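Q: Let me give you the structure first, and then I'll get to my questions.
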Amino acid sequence: MIELKTPAEIDRMHVTGRFIAEVLTEVGKLADVGVNLMDLEHHVRGMIKRRGAVSCYWDYAPSFGEGPFRNVICLSVNDAVLHGLPHDYTLRDGDVLTADIAVTIDGWAADSARTVIVGTPAEEDQRIIRATEEALEAAIKASRAGNRLGDISAAIEEVATGYGYPVNTEFGGHGIGRTMHGEPHVSNRGKAGRGMKLRPGLTLALEPWLARTTDKIVYDPDGWTIRSADGSRTAHSEHTVAITDGEPIVLTRRDEELAGRN
């Protein structure tokens, strides 16, 4: 069931979204050569506890994972892109790290992800990150009342294919509100003008993710971490967005993004 939110409920989700933005900003600052993934996990646990938030990942047990997930943030390195299970790994120069987090505050969820480069950046890694960020902005721009769900999917696909990257359709965006995942599914590939009509009050987590040279994925033995099937590097960008009568509201926008848009 798709639940449309009132302006007051969107405001409450925005509170959660601002906290998510703070967490991802902090993780981006802390991610450095020599830092262990478990250090990042425990730092985020502390932030969540101090804020009085509730992790959407802790005890998460969907059909596709070997649950329950007993961490509060997904940390995926290099060819890993989704549902990265934090583990004893020390970041190295040039690593690509994706951090993905969802929490609730006072019963309302928000979800966001970003990919950063640790230490010395390679141009190819910067390029694929930029592609996901541009695809996300195109998806947000298409998230207007009266448009169709396919307009969002087509916007993501157009940017991805323009960069020459293949697009996987097994995992994509989703509805969000009182829980992390809900209807509708938002594919990262689709046709404009197709699908359900977007209405004010609809809240979506939009999340283009890409691998350099494949649209196929494989799972780690941990049952959670998803990697590109050919070992090529990946990137993932995600925001929680509210559709309104006017411009869409990005509920998880980070301060550095806002500064870059001014």
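Order determines the names: the first chain of the structure tokens is A, the second B, and so forth; residues in each chain are numbered 1 upward, and ligands are numbered 1 upward as they are shown.
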Where in segment 5-253 of chain A does DSSP assign strand (DSSP E or B), given as a VMD selection string?
A: chain A and resid 36 54 to 55 60 69 74 to 77 80 to 82 90 96 to 105 108 to 117 148 173 to 175 182 to 186 197 203 to 206 209 to 211 217 to 219 226 to 228 234 to 236 238 to 242 249 to 250
Q: Determine which residues of segment 23-261 of chain A receive a DSSP assignment of helix (DSSP H, G or I), computed from the backbone, and state them as a JSON list (two decimals) with N, CA, C and O atoms, in the first residue's frame.
A:
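Wrote states-v2.json, looks like this:
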[["chain", "number", "residue", "atom", "x", "y", "z"],
["A", 23, "VAL", "N", 25.16, 12.17, 9.58],
["A", 23, "VAL", "CA", 25.91, 10.92, 9.72],
["A", 23, "VAL", "C", 26.79, 10.69, 8.50],
["A", 23, "VAL", "O", 27.99, 10.37, 8.63],
["A", 24, "LEU", "N", 26.23, 10.85, 7.31],
["A", 24, "LEU", "CA", 27.02, 10.59, 6.10],
["A", 24, "LEU", "C", 28.13, 11.61, 5.91],
["A", 24, "LEU", "O", 29.20, 11.28, 5.39],
["A", 25, "THR", "N", 27.89, 12.84, 6.33],
["A", 25, "THR", "CA", 28.97, 13.83, 6.30],
["A", 25, "THR", "C", 30.10, 13.41, 7.23],
["A", 25, "THR", "O", 31.28, 13.48, 6.87],
["A", 26, "GLU", "N", 29.74, 12.95, 8.41],
["A", 26, "GLU", "CA", 30.74, 12.51, 9.39],
["A", 26, "GLU", "C", 31.52, 11.30, 8.87],
["A", 26, "GLU", "O", 32.74, 11.24, 8.99],
["A", 27, "VAL", "N", 30.82, 10.34, 8.29],
["A", 27, "VAL", "CA", 31.50, 9.15, 7.75],
["A", 27, "VAL", "C", 32.46, 9.55, 6.64],
["A", 27, "VAL", "O", 33.58, 9.05, 6.56],
["A", 28, "GLY", "N", 32.04, 10.49, 5.79],
["A", 28, "GLY", "CA", 32.91, 10.95, 4.73],
["A", 28, "GLY", "C", 34.19, 11.60, 5.25],
["A", 28, "GLY", "O", 35.26, 11.44, 4.66],
["A", 29, "LYS", "N", 34.09, 12.31, 6.36],
["A", 29, "LYS", "CA", 35.26, 12.94, 6.96],
["A", 29, "LYS", "C", 36.18, 11.91, 7.62],
["A", 29, "LYS", "O", 37.40, 12.05, 7.61],
["A", 30, "LEU", "N", 35.59, 10.88, 8.23],
["A", 30, "LEU", "CA", 36.36, 9.90, 8.97],
["A", 30, "LEU", "C", 37.01, 8.85, 8.07],
["A", 30, "LEU", "O", 38.03, 8.25, 8.45],
["A", 37, "LEU", "N", 36.71, -0.53, 8.97],
["A", 37, "LEU", "CA", 35.26, -0.40, 8.77],
["A", 37, "LEU", "C", 34.49, -0.53, 10.07],
["A", 37, "LEU", "O", 33.48, 0.14, 10.27],
["A", 38, "MET", "N", 34.97, -1.36, 10.98],
["A", 38, "MET", "CA", 34.26, -1.54, 12.24],
["A", 38, "MET", "C", 34.37, -0.30, 13.12],
["A", 38, "MET", "O", 33.48, -0.03, 13.93],
["A", 39, "ASP", "N", 35.45, 0.49, 12.94],
["A", 39, "ASP", "CA", 35.53, 1.77, 13.66],
["A", 39, "ASP", "C", 34.43, 2.71, 13.19],
["A", 39, "ASP", "O", 33.81, 3.42, 14.00],
["A", 40, "LEU", "N", 34.17, 2.72, 11.87],
["A", 40, "LEU", "CA", 33.10, 3.55, 11.34],
["A", 40, "LEU", "C", 31.74, 3.06, 11.84],
["A", 40, "LEU", "O", 30.89, 3.86, 12.23],
["A", 41, "GLU", "N", 31.54, 1.76, 11.82],
["A", 41, "GLU", "CA", 30.29, 1.18, 12.32],
["A", 41, "GLU", "C", 30.01, 1.60, 13.76],
["A", 41, "GLU", "O", 28.91, 2.05, 14.10],
["A", 42, "HIS", "N", 31.01, 1.47, 14.63],
["A", 42, "HIS", "CA", 30.80, 1.80, 16.04],
["A", 42, "HIS", "C", 30.64, 3.31, 16.25],
["A", 42, "HIS", "O", 29.89, 3.72, 17.15],
["A", 43, "HIS", "N", 31.29, 4.11, 15.43],
["A", 43, "HIS", "CA", 31.11, 5.56, 15.54],
["A", 43, "HIS", "C", 29.66, 5.92, 15.21],
["A", 43, "HIS", "O", 29.03, 6.74, 15.91],
["A", 44, "VAL", "N", 29.13, 5.31, 14.15],
["A", 44, "VAL", "CA", 27.75, 5.60, 13.76],
["A", 44, "VAL", "C", 26.76, 5.08, 14.80],
["A", 44, "VAL", "O", 25.76, 5.72, 15.09],
["A", 45, "ARG", "N", 27.06, 3.93, 15.39],
["A", 45, "ARG", "CA", 26.20, 3.43, 16.48],
["A", 45, "ARG", "C", 26.09, 4.47, 17.60],
["A", 45, "ARG", "O", 25.01, 4.71, 18.13],
["A", 46, "GLY", "N", 27.22, 5.09, 17.92],
["A", 46, "GLY", "CA", 27.21, 6.11, 18.97],
["A", 46, "GLY", "C", 26.38, 7.31, 18.58],
["A", 46, "GLY", "O", 25.63, 7.86, 19.40],
["A", 47, "MET", "N", 26.50, 7.75, 17.32],
["A", 47, "MET", "CA", 25.70, 8.89, 16.86],
["A", 47, "MET", "C", 24.20, 8.59, 16.95],
["A", 47, "MET", "O", 23.41, 9.43, 17.38],
["A", 48, "ILE", "N", 23.82, 7.38, 16.54],
["A", 48, "ILE", "CA", 22.41, 6.99, 16.57],
["A", 48, "ILE", "C", 21.89, 6.95, 18.01],
["A", 48, "ILE", "O", 20.80, 7.44, 18.30],
["A", 49, "LYS", "N", 22.69, 6.38, 18.89],
["A", 49, "LYS", "CA", 22.27, 6.28, 20.30],
["A", 49, "LYS", "C", 22.10, 7.65, 20.92],
["A", 49, "LYS", "O", 21.11, 7.92, 21.61],
["A", 50, "ARG", "N", 23.08, 8.55, 20.67],
["A", 50, "ARG", "CA", 23.00, 9.89, 21.26],
["A", 50, "ARG", "C", 21.80, 10.67, 20.74],
["A", 50, "ARG", "O", 21.20, 11.46, 21.47],
["A", 51, "ARG", "N", 21.42, 10.43, 19.50],
["A", 51, "ARG", "CA", 20.29, 11.16, 18.90],
["A", 51, "ARG", "C", 18.94, 10.57, 19.31],
["A", 51, "ARG", "O", 17.89, 11.20, 19.16],
["A", 123, "GLU", "N", 40.78, 8.91, -11.60],
["A", 123, "GLU", "CA", 39.80, 9.62, -12.42],
["A", 123, "GLU", "C", 38.62, 8.73, -12.76],
["A", 123, "GLU", "O", 37.46, 9.18, -12.79],
["A", 124, "GLU", "N", 38.87, 7.43, -13.00],
["A", 124, "GLU", "CA", 37.78, 6.52, -13.35],
["A", 124, "GLU", "C", 36.79, 6.38, -12.20],
["A", 124, "GLU", "O", 35.58, 6.24, -12.43],
["A", 125, "ASP", "N", 37.30, 6.41, -10.97],
["A", 125, "ASP", "CA", 36.40, 6.32, -9.81],
["A", 125, "ASP", "C", 35.62, 7.61, -9.63],
["A", 125, "ASP", "O", 34.42, 7.60, -9.30],
["A", 126, "GLN", "N", 36.28, 8.74, -9.82],
["A", 126, "GLN", "CA", 35.58, 10.02, -9.75],
["A", 126, "GLN", "C", 34.47, 10.08, -10.79],
["A", 126, "GLN", "O", 33.38, 10.60, -10.52],
["A", 127, "ARG", "N", 34.73, 9.52, -11.95],
["A", 127, "ARG", "CA", 33.76, 9.57, -13.05],
["A", 127, "ARG", "C", 32.49, 8.78, -12.73],
["A", 127, "ARG", "O", 31.38, 9.27, -12.94],
["A", 128, "ILE", "N", 32.64, 7.58, -12.19],
["A", 128, "ILE", "CA", 31.45, 6.78, -11.92],
["A", 128, "ILE", "C", 30.66, 7.34, -10.74],
["A", 128, "ILE", "O", 29.43, 7.31, -10.73],
["A", 129, "ILE", "N", 31.36, 7.91, -9.76],
["A", 129, "ILE", "CA", 30.65, 8.59, -8.67],
["A", 129, "ILE", "C", 29.87, 9.77, -9.22],
["A", 129, "ILE", "O", 28.70, 9.97, -8.88],
["A", 130, "ARG", "N", 30.50, 10.54, -10.08],
["A", 130, "ARG", "CA", 29.83, 11.70, -10.68],
["A", 130, "ARG", "C", 28.60, 11.26, -11.47],
["A", 130, "ARG", "O", 27.56, 11.92, -11.43],
["A", 131, "ALA", "N", 28.70, 10.14, -12.15],
["A", 131, "ALA", "CA", 27.55, 9.63, -12.93],
["A", 131, "ALA", "C", 26.37, 9.32, -12.02],
["A", 131, "ALA", "O", 25.22, 9.67, -12.35],
["A", 132, "THR", "N", 26.62, 8.68, -10.87],
["A", 132, "THR", "CA", 25.51, 8.36, -9.97],
["A", 132, "THR", "C", 24.92, 9.63, -9.36],
["A", 132, "THR", "O", 23.71, 9.73, -9.17],
["A", 133, "GLU", "N", 25.79, 10.60, -9.05],
["A", 133, "GLU", "CA", 25.29, 11.86, -8.49],
["A", 133, "GLU", "C", 24.44, 12.62, -9.50],
["A", 133, "GLU", "O", 23.39, 13.17, -9.15],
["A", 134, "GLU", "N", 24.88, 12.66, -10.75],
["A", 134, "GLU", "CA", 24.10, 13.35, -11.79],
["A", 134, "GLU", "C", 22.80, 12.60, -12.08],
["A", 134, "GLU", "O", 21.76, 13.23, -12.32],
["A", 135, "ALA", "N", 22.86, 11.27, -12.06],
["A", 135, "ALA", "CA", 21.64, 10.49, -12.26],
["A", 135, "ALA", "C", 20.64, 10.75, -11.15],
["A", 135, "ALA", "O", 19.43, 10.85, -11.38],
["A", 136, "LEU", "N", 21.14, 10.87, -9.92],
["A", 136, "LEU", "CA", 20.26, 11.15, -8.79],
["A", 136, "LEU", "C", 19.63, 12.53, -8.93],
["A", 136, "LEU", "O", 18.42, 12.70, -8.69],
["A", 137, "GLU", "N", 20.40, 13.51, -9.32],
["A", 137, "GLU", "CA", 19.83, 14.86, -9.50],
["A", 137, "GLU", "C", 18.79, 14.87, -10.62],
["A", 137, "GLU", "O", 17.77, 15.55, -10.52],
["A", 138, "ALA", "N", 19.03, 14.10, -11.68],
["A", 138, "ALA", "CA", 18.05, 14.01, -12.76],
["A", 138, "ALA", "C", 16.77, 13.35, -12.27],
["A", 138, "ALA", "O", 15.66, 13.75, -12.63],
["A", 139, "ALA", "N", 16.92, 12.32, -11.42],
["A", 139, "ALA", "CA", 15.75, 11.64, -10.85],
["A", 139, "ALA", "C", 14.96, 12.58, -9.96],
["A", 139, "ALA", "O", 13.72, 12.59, -9.98],
["A", 140, "ILE", "N", 15.66, 13.36, -9.16],
["A", 140, "ILE", "CA", 14.99, 14.32, -8.28],
["A", 140, "ILE", "C", 14.22, 15.35, -9.11],
["A", 140, "ILE", "O", 13.07, 15.68, -8.81],
["A", 141, "LYS", "N", 14.86, 15.84, -10.17],
["A", 141, "LYS", "CA", 14.20, 16.83, -11.04],
["A", 141, "LYS", "C", 12.92, 16.28, -11.65],
["A", 141, "LYS", "O", 11.93, 17.00, -11.85],
["A", 142, "ALA", "N", 12.91, 14.96, -11.93],
["A", 142, "ALA", "CA", 11.73, 14.33, -12.53],
["A", 142, "ALA", "C", 10.65, 14.00, -11.50],
["A", 142, "ALA", "O", 9.54, 13.60, -11.88],
["A", 149, "LEU", "N", 6.11, 7.48, -12.71],
["A", 149, "LEU", "CA", 7.25, 6.80, -12.11],
["A", 149, "LEU", "C", 8.32, 6.51, -13.16],
["A", 149, "LEU", "O", 9.53, 6.62, -12.89],
["A", 150, "GLY", "N", 7.88, 6.17, -14.37],
["A", 150, "GLY", "CA", 8.83, 5.90, -15.44],
["A", 150, "GLY", "C", 9.68, 7.09, -15.82],
["A", 150, "GLY", "O", 10.78, 6.92, -16.35],
["A", 151, "ASP", "N", 9.20, 8.29, -15.55],
["A", 151, "ASP", "CA", 9.99, 9.49, -15.83],
["A", 151, "ASP", "C", 11.24, 9.52, -14.95],
["A", 151, "ASP", "O", 12.31, 9.94, -15.39],
["A", 152, "ILE", "N", 11.08, 9.09, -13.70],
["A", 152, "ILE", "CA", 12.23, 9.02, -12.79],
["A", 152, "ILE", "C", 13.22, 7.97, -13.29],
["A", 152, "ILE", "O", 14.43, 8.22, -13.38],
["A", 153, "SER", "N", 12.70, 6.78, -13.59],
["A", 153, "SER", "CA", 13.57, 5.69, -14.04],
["A", 153, "SER", "C", 14.29, 6.05, -15.33],
["A", 153, "SER", "O", 15.49, 5.79, -15.48],
["A", 154, "ALA", "N", 13.57, 6.66, -16.26],
["A", 154, "ALA", "CA", 14.17, 7.04, -17.54],
["A", 154, "ALA", "C", 15.26, 8.09, -17.36],
["A", 154, "ALA", "O", 16.28, 8.08, -18.06],
["A", 155, "ALA", "N", 15.04, 9.00, -16.41],
["A", 155, "ALA", "CA", 16.04, 10.05, -16.15],
["A", 155, "ALA", "C", 17.34, 9.44, -15.64],
["A", 155, "ALA", "O", 18.44, 9.85, -16.06],
["A", 156, "ILE", "N", 17.23, 8.46, -14.76],
["A", 156, "ILE", "CA", 18.42, 7.77, -14.24],
["A", 156, "ILE", "C", 19.13, 7.04, -15.37],
["A", 156, "ILE", "O", 20.36, 7.14, -15.55],
["A", 157, "GLU", "N", 18.36, 6.28, -16.14],
["A", 157, "GLU", "CA", 18.95, 5.48, -17.22],
["A", 157, "GLU", "C", 19.65, 6.36, -18.26],
["A", 157, "GLU", "O", 20.73, 6.02, -18.76],
["A", 158, "GLU", "N", 19.04, 7.49, -18.58],
["A", 158, "GLU", "CA", 19.64, 8.37, -19.59],
["A", 158, "GLU", "C", 21.01, 8.85, -19.18],
["A", 158, "GLU", "O", 21.96, 8.88, -19.98],
["A", 159, "VAL", "N", 21.16, 9.24, -17.90],
["A", 159, "VAL", "CA", 22.47, 9.69, -17.44],
["A", 159, "VAL", "C", 23.46, 8.53, -17.44],
["A", 159, "VAL", "O", 24.60, 8.66, -17.91],
["A", 160, "ALA", "N", 23.05, 7.39, -16.93],
["A", 160, "ALA", "CA", 23.94, 6.24, -16.84],
["A", 160, "ALA", "C", 24.44, 5.81, -18.22],
["A", 160, "ALA", "O", 25.65, 5.61, -18.43],
["A", 161, "THR", "N", 23.52, 5.65, -19.16],
["A", 161, "THR", "CA", 23.92, 5.21, -20.49],
["A", 161, "THR", "C", 24.71, 6.30, -21.22],
["A", 161, "THR", "O", 25.58, 5.99, -22.04],
["A", 162, "GLY", "N", 24.44, 7.56, -20.89],
["A", 162, "GLY", "CA", 25.23, 8.64, -21.47],
["A", 162, "GLY", "C", 26.68, 8.57, -21.06],
["A", 162, "GLY", "O", 27.58, 8.95, -21.83],
["A", 163, "TYR", "N", 26.92, 8.06, -19.87],
["A", 163, "TYR", "CA", 28.29, 7.84, -19.40],
["A", 163, "TYR", "C", 28.87, 6.52, -19.89],
["A", 163, "TYR", "O", 30.05, 6.24, -19.70],
["A", 255, "ASP", "N", 24.95, 19.31, 3.95],
["A", 255, "ASP", "CA", 25.33, 20.73, 3.92],
["A", 255, "ASP", "C", 26.28, 21.04, 2.78],
["A", 255, "ASP", "O", 26.17, 22.10, 2.15],
["A", 256, "GLU", "N", 27.23, 20.15, 2.51],
["A", 256, "GLU", "CA", 28.21, 20.43, 1.45],
["A", 256, "GLU", "C", 27.54, 20.44, 0.09],
["A", 256, "GLU", "O", 27.98, 21.16, -0.81],
["A", 257, "GLU", "N", 26.49, 19.66, -0.08],
["A", 257, "GLU", "CA", 25.73, 19.70, -1.33],
["A", 257, "GLU", "C", 24.99, 21.03, -1.46],
["A", 257, "GLU", "O", 24.97, 21.63, -2.54],
["A", 258, "LEU", "N", 24.37, 21.46, -0.39],
["A", 258, "LEU", "CA", 23.66, 22.73, -0.40],
["A", 258, "LEU", "C", 24.60, 23.88, -0.72],
["A", 258, "LEU", "O", 24.28, 24.78, -1.50],
["A", 259, "ALA", "N", 25.81, 23.84, -0.14],
["A", 259, "ALA", "CA", 26.79, 24.89, -0.40],
["A", 259, "ALA", "C", 27.20, 24.90, -1.87],
["A", 259, "ALA", "O", 27.38, 25.95, -2.48],
["A", 260, "GLY", "N", 27.33, 23.70, -2.45],
["A", 260, "GLY", "CA", 27.73, 23.60, -3.85],
["A", 260, "GLY", "C", 26.66, 24.03, -4.81],
["A", 260, "GLY", "O", 26.94, 24.38, -5.95],
["A", 261, "ARG", "N", 25.40, 24.04, -4.35],
["A", 261, "ARG", "CA", 24.29, 24.44, -5.22],
["A", 261, "ARG", "C", 24.03, 25.94, -5.14],
["A", 261, "ARG", "O", 23.25, 26.47, -5.93]]
Q: Can you pull out the residues contacting Ser55 of chain A? Cut-off 8 Å, using only C-alpha atoms, and skip same-chain residues under 2 positions away; I want them as a PyMOL selection string.
A: chain A and resi 48+53+57-58+72+102-104
Q: Work out how far atom CA of Gly84 of chain A is from atom CA of Ser112 of chain A, in Å to one decimal.
A: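 Going from atom CA of Ser112 of chain A over to atom CA of Gly84 of chain A, I get 14.2 Å.
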Q: Looking at only C-alpha atoms, which of A:Val35, A:Ile10, A:Leu75, A:Ala192 is the one that sits closest to Leu91 of chain A?
A: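 Selected residue with least distance to Leu91 of chain A: A:Val35.
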Q: Output as JSON lines one row per residue of segment 34-97 of chain A within 12 Å of segment 201-219 of chain A: the closest atom pair and its distance in Å to one decimal place, counting only C-alpha atoms, sorted by chain and residue number ascending.
A:
{"residue": "A:Phe64", "atom": "CA", "partner": "A:Tyr219", "partner_atom": "CA", "distance": 9.9}
{"residue": "A:Gly65", "atom": "CA", "partner": "A:Tyr219", "partner_atom": "CA", "distance": 9.3}
{"residue": "A:Glu66", "atom": "CA", "partner": "A:Tyr219", "partner_atom": "CA", "distance": 10.6}
{"residue": "A:Asn78", "atom": "CA", "partner": "A:Ala211", "partner_atom": "CA", "distance": 9.8}
{"residue": "A:Asp79", "atom": "CA", "partner": "A:Ala211", "partner_atom": "CA", "distance": 7.6}
{"residue": "A:Ala80", "atom": "CA", "partner": "A:Tyr219", "partner_atom": "CA", "distance": 9.1}
{"residue": "A:Val81", "atom": "CA", "partner": "A:Trp209", "partner_atom": "CA", "distance": 7.4}
{"residue": "A:Leu82", "atom": "CA", "partner": "A:Trp209", "partner_atom": "CA", "distance": 8.5}
{"residue": "A:His83", "atom": "CA", "partner": "A:Tyr219", "partner_atom": "CA", "distance": 9.7}
{"residue": "A:Gly84", "atom": "CA", "partner": "A:Tyr219", "partner_atom": "CA", "distance": 9.9}
{"residue": "A:Leu85", "atom": "CA", "partner": "A:Tyr219", "partner_atom": "CA", "distance": 11.2}
{"residue": "A:Val96", "atom": "CA", "partner": "A:Ala211", "partner_atom": "CA", "distance": 12.0}
Q: May I have the selected residues written with all heavy atoms, as a PDB file, in the first residue's frame?
A:
ATOM      1  N   PHE A  64      16.171 -11.536   0.643  1.00  0.00           N
ATOM      2  CA  PHE A  64      17.396 -11.670  -0.135  1.00  0.00           C
ATOM      3  C   PHE A  64      18.658 -11.745   0.718  1.00  0.00           C
ATOM      4  O   PHE A  64      19.738 -11.975   0.199  1.00  0.00           O
ATOM      5  CB  PHE A  64      17.528 -10.517  -1.137  1.00  0.00           C
ATOM      6  CG  PHE A  64      17.466  -9.148  -0.518  1.00  0.00           C
ATOM      7  CD1 PHE A  64      18.563  -8.599   0.117  1.00  0.00           C
ATOM      8  CD2 PHE A  64      16.300  -8.401  -0.579  1.00  0.00           C
ATOM      9  CE1 PHE A  64      18.505  -7.335   0.684  1.00  0.00           C
ATOM     10  CE2 PHE A  64      16.234  -7.137  -0.034  1.00  0.00           C
ATOM     11  CZ  PHE A  64      17.330  -6.601   0.603  1.00  0.00           C
ATOM     12  N   GLY A  65      18.589 -11.534   2.009  1.00  0.00           N
ATOM     13  CA  GLY A  65      19.778 -11.557   2.846  1.00  0.00           C
ATOM     14  C   GLY A  65      19.797 -12.756   3.770  1.00  0.00           C
ATOM     15  O   GLY A  65      18.793 -13.450   3.945  1.00  0.00           O
ATOM     16  N   GLU A  66      20.961 -13.029   4.345  1.00  0.00           N
ATOM     17  CA  GLU A  66      21.061 -14.058   5.364  1.00  0.00           C
ATOM     18  C   GLU A  66      21.064 -13.338   6.710  1.00  0.00           C
ATOM     19  O   GLU A  66      22.095 -13.008   7.251  1.00  0.00           O
ATOM     20  CB  GLU A  66      22.315 -14.905   5.161  1.00  0.00           C
ATOM     21  CG  GLU A  66      22.249 -15.752   3.904  1.00  0.00           C
ATOM     22  CD  GLU A  66      23.415 -16.709   3.776  1.00  0.00           C
ATOM     23  OE1 GLU A  66      24.159 -16.865   4.758  1.00  0.00           O
ATOM     24  OE2 GLU A  66      23.576 -17.279   2.691  1.00  0.00           O
ATOM     25  N   ASN A  78      34.970  -0.763  -2.966  1.00  0.00           N
ATOM     26  CA  ASN A  78      35.453  -1.039  -4.317  1.00  0.00           C
ATOM     27  C   ASN A  78      34.409  -1.713  -5.203  1.00  0.00           C
ATOM     28  O   ASN A  78      33.492  -1.063  -5.671  1.00  0.00           O
ATOM     29  CB  ASN A  78      36.764  -1.821  -4.265  1.00  0.00           C
ATOM     30  CG  ASN A  78      37.878  -1.000  -3.635  1.00  0.00           C
ATOM     31  OD1 ASN A  78      37.855   0.224  -3.672  1.00  0.00           O
ATOM     32  ND2 ASN A  78      38.864  -1.664  -3.046  1.00  0.00           N
ATOM     33  N   ASP A  79      34.499  -3.026  -5.443  1.00  0.00           N
ATOM     34  CA  ASP A  79      33.522  -3.692  -6.302  1.00  0.00           C
ATOM     35  C   ASP A  79      32.236  -4.022  -5.561  1.00  0.00           C
ATOM     36  O   ASP A  79      31.257  -4.435  -6.180  1.00  0.00           O
ATOM     37  CB  ASP A  79      34.111  -4.957  -6.928  1.00  0.00           C
ATOM     38  CG  ASP A  79      34.570  -5.969  -5.897  1.00  0.00           C
ATOM     39  OD1 ASP A  79      34.989  -5.561  -4.800  1.00  0.00           O
ATOM     40  OD2 ASP A  79      34.511  -7.184  -6.193  1.00  0.00           O
ATOM     41  N   ALA A  80      32.216  -3.852  -4.230  1.00  0.00           N
ATOM     42  CA  ALA A  80      30.977  -3.995  -3.462  1.00  0.00           C
ATOM     43  C   ALA A  80      30.187  -2.699  -3.581  1.00  0.00           C
ATOM     44  O   ALA A  80      30.763  -1.613  -3.567  1.00  0.00           O
ATOM     45  CB  ALA A  80      31.281  -4.293  -1.996  1.00  0.00           C
ATOM     46  N   VAL A  81      28.843  -2.820  -3.685  1.00  0.00           N
ATOM     47  CA  VAL A  81      28.054  -1.613  -3.924  1.00  0.00           C
ATOM     48  C   VAL A  81      26.808  -1.524  -3.053  1.00  0.00           C
ATOM     49  O   VAL A  81      26.377  -0.431  -2.689  1.00  0.00           O
ATOM     50  CB  VAL A  81      27.656  -1.506  -5.419  1.00  0.00           C
ATOM     51  CG1 VAL A  81      26.759  -2.658  -5.839  1.00  0.00           C
ATOM     52  CG2 VAL A  81      27.032  -0.163  -5.737  1.00  0.00           C
ATOM     53  N   LEU A  82      26.224  -2.652  -2.665  1.00  0.00           N
ATOM     54  CA  LEU A  82      24.989  -2.636  -1.887  1.00  0.00           C
ATOM     55  C   LEU A  82      25.094  -3.586  -0.705  1.00  0.00           C
ATOM     56  O   LEU A  82      25.718  -4.647  -0.802  1.00  0.00           O
ATOM     57  CB  LEU A  82      23.789  -3.054  -2.741  1.00  0.00           C
ATOM     58  CG  LEU A  82      23.408  -2.167  -3.920  1.00  0.00           C
ATOM     59  CD1 LEU A  82      22.304  -2.848  -4.732  1.00  0.00           C
ATOM     60  CD2 LEU A  82      22.954  -0.793  -3.457  1.00  0.00           C
ATOM     61  N   HIS A  83      24.482  -3.188   0.406  1.00  0.00           N
ATOM     62  CA  HIS A  83      24.318  -4.042   1.594  1.00  0.00           C
ATOM     63  C   HIS A  83      25.640  -4.549   2.141  1.00  0.00           C
ATOM     64  O   HIS A  83      25.727  -5.650   2.698  1.00  0.00           O
ATOM     65  CB  HIS A  83      23.399  -5.235   1.273  1.00  0.00           C
ATOM     66  CG  HIS A  83      22.119  -4.849   0.640  1.00  0.00           C
ATOM     67  ND1 HIS A  83      21.442  -5.661  -0.236  1.00  0.00           N
ATOM     68  CD2 HIS A  83      21.378  -3.704   0.718  1.00  0.00           C
ATOM     69  CE1 HIS A  83      20.343  -5.052  -0.653  1.00  0.00           C
ATOM     70  NE2 HIS A  83      20.288  -3.858  -0.084  1.00  0.00           N
ATOM     71  N   GLY A  84      26.689  -3.734   1.995  1.00  0.00           N
ATOM     72  CA  GLY A  84      28.001  -4.139   2.479  1.00  0.00           C
ATOM     73  C   GLY A  84      27.998  -4.359   3.986  1.00  0.00           C
ATOM     74  O   GLY A  84      27.688  -3.451   4.757  1.00  0.00           O
ATOM     75  N   LEU A  85      28.326  -5.557   4.409  1.00  0.00           N
ATOM     76  CA  LEU A  85      28.340  -5.910   5.828  1.00  0.00           C
ATOM     77  C   LEU A  85      29.640  -5.415   6.453  1.00  0.00           C
ATOM     78  O   LEU A  85      30.726  -5.860   6.051  1.00  0.00           O
ATOM     79  CB  LEU A  85      28.220  -7.427   5.977  1.00  0.00           C
ATOM     80  CG  LEU A  85      27.923  -7.973   7.364  1.00  0.00           C
ATOM     81  CD1 LEU A  85      26.509  -7.606   7.803  1.00  0.00           C
ATOM     82  CD2 LEU A  85      28.094  -9.495   7.381  1.00  0.00           C
ATOM     83  N   VAL A  96      37.402   2.847  -2.818  1.00  0.00           N
ATOM     84  CA  VAL A  96      36.114   3.515  -3.005  1.00  0.00           C
ATOM     85  C   VAL A  96      35.160   2.955  -1.951  1.00  0.00           C
ATOM     86  O   VAL A  96      34.950   1.747  -1.869  1.00  0.00           O
ATOM     87  CB  VAL A  96      35.568   3.265  -4.421  1.00  0.00           C
ATOM     88  CG1 VAL A  96      34.157   3.821  -4.549  1.00  0.00           C
ATOM     89  CG2 VAL A  96      36.478   3.892  -5.464  1.00  0.00           C
TER      90      VAL A  96
END
Q: By how many Å are atom CA of Val118 of chain A and atom CA of Asp93 of chain A apart?
A: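 The value is 5.8 Å.
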Q: Could you jot down the atom CA of Ile176 of chain A to atom CA of Pro86 of chain A separation for me, Å, one decimal place?
A: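 Computing it gives 23.8 Å between the two atoms.
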Q: So that I can check the surroundings of Ile73 of chain A, please list as JSON, numbers by chain every protein, DNA and RNA residue that reaches within 6 Å of it, counting only C-alpha atoms and ignoring chain neighbours fewer than 2 positions away.
A: {"A": [71, 100, 101]}
Q: Write out as an mmCIF file with C-alpha atoms, in the first residue's frame the residues lying within 9 Å of Leu198 of chain A, counting only C-alpha atoms and excluding same-chain residues fewer than 4 positions away.
A:
data_model
loop_
_atom_site.group_PDB
_atom_site.id
_atom_site.type_symbol
_atom_site.label_atom_id
_atom_site.label_comp_id
_atom_site.auth_asym_id
_atom_site.auth_seq_id
_atom_site.Cartn_x
_atom_site.Cartn_y
_atom_site.Cartn_z
ATOM 1 C CA SER A 143 10.029 13.793 -9.150
ATOM 2 C CA ARG A 144 7.188 16.210 -9.713
ATOM 3 C CA ALA A 145 3.445 15.788 -9.232
ATOM 4 C CA GLY A 146 1.805 14.809 -12.501
ATOM 5 C CA ASN A 147 4.867 13.011 -13.850
ATOM 6 C CA ARG A 148 5.029 9.221 -13.979
ATOM 7 C CA LEU A 149 7.254 6.798 -12.112
ATOM 8 C CA LEU A 202 4.579 10.527 -2.049
ATOM 9 C CA ILE A 243 6.882 15.055 -3.900
#
